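Heads up, the thing below is written out as structure tokens.
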Amino acid sequence: MNHFIYLDNAATTKVKEEVLQEMLPYFRENYSNPSAIYNFAAMGKNAVDNARKQAAELIGAKTEEIYFTGGGSEADNWALKATVEAYAEKGKHIITSRIEHHAILHTCEYLEKHGVEVTYLDVDKDGKVSLTELEHAIRPDTILISIMTANNEIGTIEPITEIGKLAHEHGILFHTDAVQAYGHIPVNVDTMNIDMLSASGHKFGGPKGVGILYIRKGVKIRSFIHGGAQERSRRAGTLNVPGIVGFGKAAQLAEESLHDRNMKEISTRDYLIKRVLEEIPYSILNGHKTDRLPNNANFCFRFIEGESMLILLDQLGVCASSGSACTSGSLDPSHVLLAIGLPHEIAHGSLRITLSEETTIEEIDFVVDELKKIIERLRNMSPLYEDFIKKNSEGKVENYV
Amino acid sequence: MYSEKVMDHFNNPRNVGEIENPSGVGTVGNAKCGDIMRMYLDIDEDGIIQNVKFKTFGCGAAVATSSMATELVKGKTVQEALLVTNKAVMEALDGLPPVKVHCSLLAEEAIHAALWDYAQKNNIVIEGLEKPVDDIAEKVEEEEY
């Protein structure tokens with residue numbers, strides 16, 4: 001039982017060694033406030049400039065279009081709330097999807113209470129937004145379309161380029177929550193027609209508590225956090241220099257390793273998916289088969305509940321996550337799994353496994369071998385499975401899955 | 001998050017299984033909220049619960065409360081079993097996190113549902129026992145796909 005297998009990299013990642021080393025001098029040596037005028041502040045200021053350049057390069061943006069924030073949620077809040085404020089004269093309608101992260105969905109709910117109308121697009125069974133439905137939802141007073149680049153639970157990659165094109169054809173701003181995609185798949189703000197993009201440092205080997213909002217030059221959204229003149233007066237607050245430096249370094253490393261890392265993760269991911277679907281009966285892969293994040297696998301195992309599965313995995317030293325109600329703190333299972341059309345009882349039995357480049361085939365083999373035992377054990381105590389087996393023996397075979 | 005006792009009952013659940021031709025069986029909860037408990041009772045002529053088994057679809061707390069509930073009713077009379085409340089189950093488990101309290105309610109309801117079935121089958125009235133809210137049947141039918 002000396003295992004520690006971390007398969008929850010969509011929740012957060014380990015800070016890379018090179019990133020940490022790059023950050024350390026900015027805690028105790030070059031600890032200046034980069035806004036200061038004296039020479040001591042120059043190091044910090046240069047480091048922030050360099051990080052901004054690194055963050056921009058990864059998505060083909062201009063350096064001055066990157067604004068550092070306190071994380072992905074702040075970036076999402078800023079993009080939505082400030083756009084509503086800045087474009088109020090044009091209209092009060094936003095289009096988003098049902099499978100967005102809560103940083104978008106709950107911000108939209110907040111905006112609805114303040115007179116904004118929001119259209120939540122449905123997705124298909126793979127979790128993809130339909131361009132036709134999007135086009136139908138567009139109104140003369142639509143000011144913003146916000147669709148995530150890739151989903152955090154089921155890993156599905158949305159048709160961002162086409163969505164951005166459609167937005168621009170109608171003169172609408174396009175924001176994308178790229179928290180799961182930035183540093184994990186190729187993203188280019190120009191070719192993908194993106195006006196605003198949110199990303200978070202800790203999802204790709206950087207530190208927690210730092211993110212970015214990319215704002216295309218010419219987009220007139222204003223300050224969200226009021227105070228000092230940092231970030232060209234658009235985001236007040238003393239710069240989190242070590243965090244920003246860490247973000248930049250992680251972005252640089254992510255860019256350099258992107259291709260090889262993707263190849264490795266996809267091959268490990270597909271091996272995991274193949275083993276699970278072949279060896280565990282009544283299992284389903286959630287999300288798109290190929291248009292999915294290289295490190296994401298999400299399954300539902302019928303007749304069992306996710307939290308029980310997670311506790312048993314945890315006891316073996318395996319960290320993973322689930323969209324079951326019990327893990328969400330509410331009575332409903334994941335809104336994403338419900339949006340792709342899964343019935344409640346199946347959605348409760350979900351397991352999300354998100355790899356890192358360090359994940360080995362041996363680790364996957366161990367997890368799948370143990371998972372088979374865990375699922376069998378939980379099914380043996382499940383009344384749903386008992387009913388299913390009885391129905392089957394009576395010849396009433398269900399044909400879902 | 002969970003007490004040692006909850007983890008013990010989750011890891012080594014007591015009385016998991018089915019009873020063939022039970023004196024009473026009750027299923028409560030629904031798949032929608034993610035917890036279903038089924039309780040089987042074997043009750044002798046003197047009204048003593050000789051054997052009890054359960055099956056549960058649910059989280060760690062749901063499994064542990066089912067397991068503890070079976071322990072608490074085993075060997076008891078029908079009247080004594082009625083006194084096994086959700087509070088008793090919770091106390092026996094050294095408490096549950098607030099979001100999991102509903103699991104212990106389900107355990108109490110499962111006992112009541114099984115006793116109700118026993119009373120129906122034997123045409124008797126158990127004093128203090130009300131017809132359980134049986135929402136699983138409809139909900140499961142609804143969710144046929």
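Residue numbering restarts at 1 for every chain of the structure tokens, chains are lettered A, B, ... in their displayed order, and ligands are numbered from 1 as they appear.
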**OP:** Give the residues of chain B that lie within 10 Å of chain A; count only C-alpha atoms, and format the answer as an MDAnalysis selection string.
**Re:** chainID B and resid 7 10:11 13 16:18 27 30:39 54:63 99:100 140 143:145
**OP:** If you run DSSP over the backbone, which residues in segment 29-64 of chain B end up strand (DSSP E or B)? Put them as an NGL selection string.
**Re:** :B and (29-30 or 35-43 or 48-57)
Writing out the chosen residues with C-alpha atoms as a PDB file, in the first residue's frame:
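Result went into out-v9.pdb, see below:
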```pdb
ATOM      1  CA  GLY B  29     -34.521   6.394  -1.643  1.00  0.00           C
ATOM      2  CA  ASN B  30     -34.234   7.074  -5.309  1.00  0.00           C
ATOM      3  CA  ASP B  35     -28.978   6.716  -2.603  1.00  0.00           C
ATOM      4  CA  ILE B  36     -31.056   3.552  -2.628  1.00  0.00           C
ATOM      5  CA  MET B  37     -31.297   1.186   0.323  1.00  0.00           C
ATOM      6  CA  ARG B  38     -32.944  -2.188   0.403  1.00  0.00           C
ATOM      7  CA  MET B  39     -33.441  -3.983   3.696  1.00  0.00           C
ATOM      8  CA  TYR B  40     -34.442  -7.649   4.103  1.00  0.00           C
ATOM      9  CA  LEU B  41     -35.827  -8.920   7.425  1.00  0.00           C
ATOM     10  CA  ASP B  42     -36.308 -12.430   8.657  1.00  0.00           C
ATOM     11  CA  ILE B  43     -38.744 -12.305  11.601  1.00  0.00           C
ATOM     12  CA  ILE B  48     -38.013 -11.200  16.804  1.00  0.00           C
ATOM     13  CA  ILE B  49     -35.759 -10.152  13.955  1.00  0.00           C
ATOM     14  CA  GLN B  50     -33.599 -13.215  13.508  1.00  0.00           C
ATOM     15  CA  ASN B  51     -31.740 -12.119  10.421  1.00  0.00           C
ATOM     16  CA  VAL B  52     -31.277  -8.949   8.447  1.00  0.00           C
ATOM     17  CA  LYS B  53     -29.493  -8.158   5.186  1.00  0.00           C
ATOM     18  CA  PHE B  54     -29.089  -5.046   3.114  1.00  0.00           C
ATOM     19  CA  LYS B  55     -28.059  -3.779  -0.287  1.00  0.00           C
ATOM     20  CA  THR B  56     -27.208  -0.151  -0.877  1.00  0.00           C
ATOM     21  CA  PHE B  57     -26.407   2.026  -3.855  1.00  0.00           C
TER      22      PHE B  57
END
```
**OP:** Go ahead and compute the interatomic distance for atom CA of Met192 of chain A and atom CA of Pro159 of chain A, in Å to one decimal.
**Re:** 9.2 Å
Subject >> All helix (DSSP H, G or I) positions in segment 84-161 of chain A, as an NGL selection string >> reply: :A and (84-86 or 102-112 or 131-137 or 160-161)
**OP:** Find the residues around segment 226-230 of chain A up to 10 Å (only C-alpha atoms counted), leave out those fewer than 2 positions away in its own chain, and share them as an MDAnalysis selection string.
**Re:** chainID A and resid 34:35 67:68 222:224 232:239
Keeping N, CA and C atoms, export the residues of the selection given above as a short mmCIF file (atom, residue, chain, number, x, y, z; two decimals), in the first residue's frame.
```cif
data_model
loop_
_atom_site.label_atom_id
_atom_site.label_comp_id
_atom_site.auth_asym_id
_atom_site.auth_seq_id
_atom_site.Cartn_x
_atom_site.Cartn_y
_atom_site.Cartn_z
N PRO A 34 7.14 45.69 -7.91
CA PRO A 34 7.64 46.12 -9.21
C PRO A 34 7.13 47.49 -9.65
N SER A 35 6.13 48.02 -8.96
CA SER A 35 5.62 49.34 -9.33
C SER A 35 6.52 50.47 -8.81
N TYR A 67 -3.38 40.10 -19.19
CA TYR A 67 -3.60 40.72 -17.89
C TYR A 67 -3.56 39.63 -16.83
N PHE A 68 -2.67 39.80 -15.86
CA PHE A 68 -2.59 38.79 -14.81
C PHE A 68 -3.70 38.98 -13.79
N ARG A 222 -13.38 47.23 -19.06
CA ARG A 222 -12.63 48.04 -18.10
C ARG A 222 -12.22 47.27 -16.86
N SER A 223 -11.87 48.04 -15.88
CA SER A 223 -11.36 47.47 -14.64
C SER A 223 -12.44 46.68 -13.91
N PHE A 224 -12.00 45.63 -13.27
CA PHE A 224 -12.91 44.83 -12.47
C PHE A 224 -12.53 44.97 -10.99
N ARG A 232 -1.98 48.15 -16.46
CA ARG A 232 -2.50 49.24 -17.30
C ARG A 232 -3.85 49.74 -16.79
N SER A 233 -3.94 49.82 -15.49
CA SER A 233 -5.13 50.34 -14.79
C SER A 233 -6.36 49.46 -14.97
N ARG A 234 -6.16 48.24 -15.45
CA ARG A 234 -7.34 47.40 -15.65
C ARG A 234 -7.51 46.36 -14.54
N ARG A 235 -6.45 46.12 -13.78
CA ARG A 235 -6.58 45.15 -12.69
C ARG A 235 -5.67 45.60 -11.56
N ALA A 236 -6.27 46.24 -10.56
CA ALA A 236 -5.49 46.78 -9.46
C ALA A 236 -4.98 45.67 -8.55
N GLY A 237 -4.00 46.02 -7.73
CA GLY A 237 -3.45 45.06 -6.77
C GLY A 237 -1.98 44.85 -7.04
N THR A 238 -1.20 44.86 -5.96
CA THR A 238 0.24 44.62 -6.11
C THR A 238 0.47 43.32 -6.85
N LEU A 239 1.36 43.37 -7.82
CA LEU A 239 1.57 42.19 -8.66
C LEU A 239 2.11 41.02 -7.83
#
```
Original post:
Residues at most 8 Å from Ile185 of chain A, counting only C-alpha atoms, excluding those fewer than 3 positions away in the same chain, as a list in words?
Top reply: Ala181, Tyr182, Leu258, Asn262, Leu293 and Pro294 of chain A
Subject >> Leu72 of chain B surroundings by only C-alpha atoms, 8 Å radius, close-in-sequence under 4 positions cut, as a list in words >> reply: Met68, Lys76, Ala81, Val84 and Val89 of chain B
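Counting from atom CA of Ser104 of chain B, the distance to atom CA of Thr70 of chain B is 12.1 Å.
Residues in contact with segment 244-255 of chain A at up to 6 Å, not including ones fewer than 6 positions away on its chain and judged by only C-alpha atoms, are Val19, Met23, Ala51, Gln54, Ala55, Leu58, Gly183, Gly201, Gly205 and Gly206 of chain A.
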**OP:** Could you check how far atom CA of Val187 of chain A sits from atom CA of Thr63 of chain A, in Å to one decimal?
**Re:**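 Interatomic distance here is 15.6 Å.
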**OP:** Would you mind listing what lies within 9 Å of Leu272 of chain A as a PyMOL selection string, with only C-alpha atoms counted and same-chain residues fewer than 2 positions away left out?
**Re:** chain A and resi 267-270+274-277+297+361+364-365+368
Those residues you just picked out, can you put them in a file as a compact mmCIF listing (two decimals), in the first residue's frame with C-alpha atoms?
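Saved as part.txt:
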```txt
# COMPACT_ATOMS: atom_id res chain seq x y z
CA SER A 267 -1.34 7.03 -25.95
CA THR A 268 -1.61 6.45 -22.18
CA ARG A 269 -5.18 7.80 -22.12
CA ASP A 270 -6.29 5.59 -24.98
CA LYS A 274 -9.43 0.63 -24.03
CA ARG A 275 -8.74 -1.45 -20.94
CA VAL A 276 -11.66 -0.04 -18.97
CA LEU A 277 -14.24 -0.40 -21.73
CA ALA A 297 -10.75 10.06 -19.39
CA ILE A 361 1.39 2.47 -18.00
CA ILE A 364 -2.72 2.70 -15.21
CA ASP A 365 -2.50 -1.09 -15.03
CA VAL A 368 -7.58 -0.64 -13.76
```
